[in-house]
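Everything below concerns the one structure shown next.
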Amino acid sequence: MSSSTPLDSTHTATIDGFTHGGEGVARVDGKAVFVAGALPGERVELRVTEDQDRWARAEVVEVLEPSPDRVEPPCPVADTCGGCDLQHASPEAQVRLKTRVVREQLERLGRFEDPPVLPGRAVGPALGYRAHARLHAAPDGRLGFHAEGTNDVVPIDECPVLTPVANQLLRLVGSSTGATEVELRTDGVAPDGDPADGVVVLTPGPGALDIPDGDHDLLLRQPEDVDGGATGTVAMRGDGVLDVDVAGLTFALPTSGFFQVSTHAAEALVEEVLRAAGEVDGRLVWDLYAGVGLLALPLARAGAEVLAVEGNPAAVAAARVNAEENGLDVTVEEGDVHEALRDRAREGVLDLPDVVVLDPPRTGVGREPLEDLAALAPPRVVLVACDPASLARDAKALVAAGYRLDRVQPLDLFPMTHHVEAVATFSR
């Protein structure tokens, strides 16, 4: 039985909330309605697109009373492309809204009363910052991004969020490769960079590939296997490894490895994690979910004895090379973080960490691994979270295991989107 009456198709409503997915929230006939493209404080005419028992989704038909934070989107396809969902808000408002979301998720999901969330911090430019993109081919071969919630491709000639070098590389590749997907990776944000330093990864379609000219590295992604996972890449030109300079260190990035979307983002994250970790000279620091060593290497340079744990073999190999090439002593262990924590908690270790840094995937760490971590009783834990809901759940688990949440710093590493990074500090 439905718990509420179905809504009519159109309504006039005031937006009084904002979700961690970037939607405005209105109350219509007692039901929460999530409205894409709406900002808090606005009065809008909306059209219901999905109606469930307790909630609904809607789109904006007309903004009747706009928020002072509303701006004209800088991209001509902002209303159809799924790549960005906050271009209608000023950059300053985006930071405030994301900070609000971090706080509200900690209050609602984490059950924190007045959580210690600092004002969010903008990082780098609002446009022209993204050095990495994955584009899809429309039926006519033109490249673009998926429309929100669909597999329909919105073709683009250039993207205002991409760096100038990434846009140059996009133009060099063109729209007639015959690939179903094209991934672009460049090495930074400098406007005078060379697209020849970039990497292009093509996913072949059913027809022949038209290989783009240029000096950039070119790789072919193998067809997906029966489980939906790519079976690897084959280098056609170059080795597909980028060298990226961050905070005075050089990182070699394999194509399959994760890295921040811009140099600005990577440097801001390093700076904030070092601040959160405190004095590490001569102390043992564990960097869990270490990737290619983005956090482990700066910690080692600051004088820490660093154990880095990472599950991706390519990232592990890169982290070891990066440590050696930068003249830093970092122990890199390949393995599942959850298993590593469980084994150490059950067996005991002689050298207990002074600080543990966690940079998990979007789903977070999880209650059981955090309980195992708490059993080792590191005095300080630094948690990097790219999803506010996961942050709230993990923070709740750490506090239940005996820690205190001292500080949360939101970072706007992904302007024009609802995504927000946060660095949280815990102590015993």
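Ligands are numbered from 1 in the order shown, residues from 1 within each chain, and chains are lettered A, B, ... in the order they appear in the structure tokens.
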**Study point:** Picked from stretch 100-152 of chain A by DSSP as alpha helix (DSSP H), as a list in words
**Key:** Arg100, Val101, Val102, Arg103, Glu104, Gln105, Leu106, Glu107 and Arg108 of chain A
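Excluding A:Asp194 itself and any same-chain residue fewer than 3 positions from it, the protein and nucleic acid residues within 8 Å of it, counting only C-alpha atoms, are Val165, Asp197 and Gly198 of chain A.
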**Study point:** One-decimal distance in Å that lies between atom CA of A:Pro160 and atom CA of A:Arg130
**Key:** 9.2 Å
For A:Leu352, please output as an mmCIF file with C-alpha atoms, in the first residue's frame all residues within 8 Å (counting only C-alpha atoms; exclusion window: fewer than 3 positions along the same chain).
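Result file follows (part19.cif):
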data_model
loop_
_atom_site.group_PDB
_atom_site.id
_atom_site.type_symbol
_atom_site.label_atom_id
_atom_site.label_comp_id
_atom_site.auth_asym_id
_atom_site.auth_seq_id
_atom_site.Cartn_x
_atom_site.Cartn_y
_atom_site.Cartn_z
ATOM 1 C CA LEU A 284 55.629 5.174 11.861
ATOM 2 C CA VAL A 349 52.427 -6.441 15.403
ATOM 3 C CA LEU A 376 45.715 -1.548 17.016
ATOM 4 C CA PRO A 378 46.958 4.267 16.563
#
**Study point:** Contact residues around stretch 96-101 of chain A with only C-alpha atoms at 9 Å, ignoring same-chain residues under 4 positions, as a ChimeraX atom specification
**Key:** /A:18-20,22,91-92,105-106,117-121,388,409-412,418-420
Practice item. Give me every strand (DSSP E or B) residue in stretch 296-392 of chain A, going by DSSP on the backbone, as a count of residues only. Key: 21
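Once A:Ile156 and its same-chain neighbours fewer than 4 positions away are set aside, Arg142, Leu143, Gly144 and Phe145 of chain A remain within 8 Å of it when counting only C-alpha atoms.
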Exercise for review: Excluding A:Asp329 and residues on its chain fewer than 5 positions from it, collect all residues at most 10 Å away from it, counting only C-alpha atoms, and give them as a VMD selection string.
Suggested key: chain A and resid 296 to 297 300 to 301 303 to 307 320 323 to 324
Point to revise | Within 12 Å of A:Pro195 using only C-alpha atoms, minus same-chain residues under 5 positions, as an NGL selection string | key: :A and (131 or 163-173 or 184-190 or 200 or 213-217 or 242)
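Distances here use only C-alpha atoms; by that measure, the residue among A:Ala208, A:Ala400, A:Leu162, A:Ala36 closest to A:Leu135 is A:Leu162.
Nearest to A:Gln222 of all the residues A:His11, A:Gly238, A:Ser427, A:Thr203 is A:Thr203, counting only C-alpha atoms.
You can rank A:Pro360, A:Thr10, A:Ile211, A:Thr250 by their closest distance to A:Met236 using only C-alpha atoms, and at the top of that list sits A:Ile211.
Here atom CA of A:Ser9 and atom CA of A:Asn151 stand 25.0 Å from one another.
Between atom CA of A:Gly327 and atom CA of A:Gly293 the separation is 13.0 Å.
When only C-alpha atoms are used to compute distances to A:Glu347, the closest of the residues A:Leu405, A:Leu249, A:Val309, A:Ala375 turns out to be A:Ala375.
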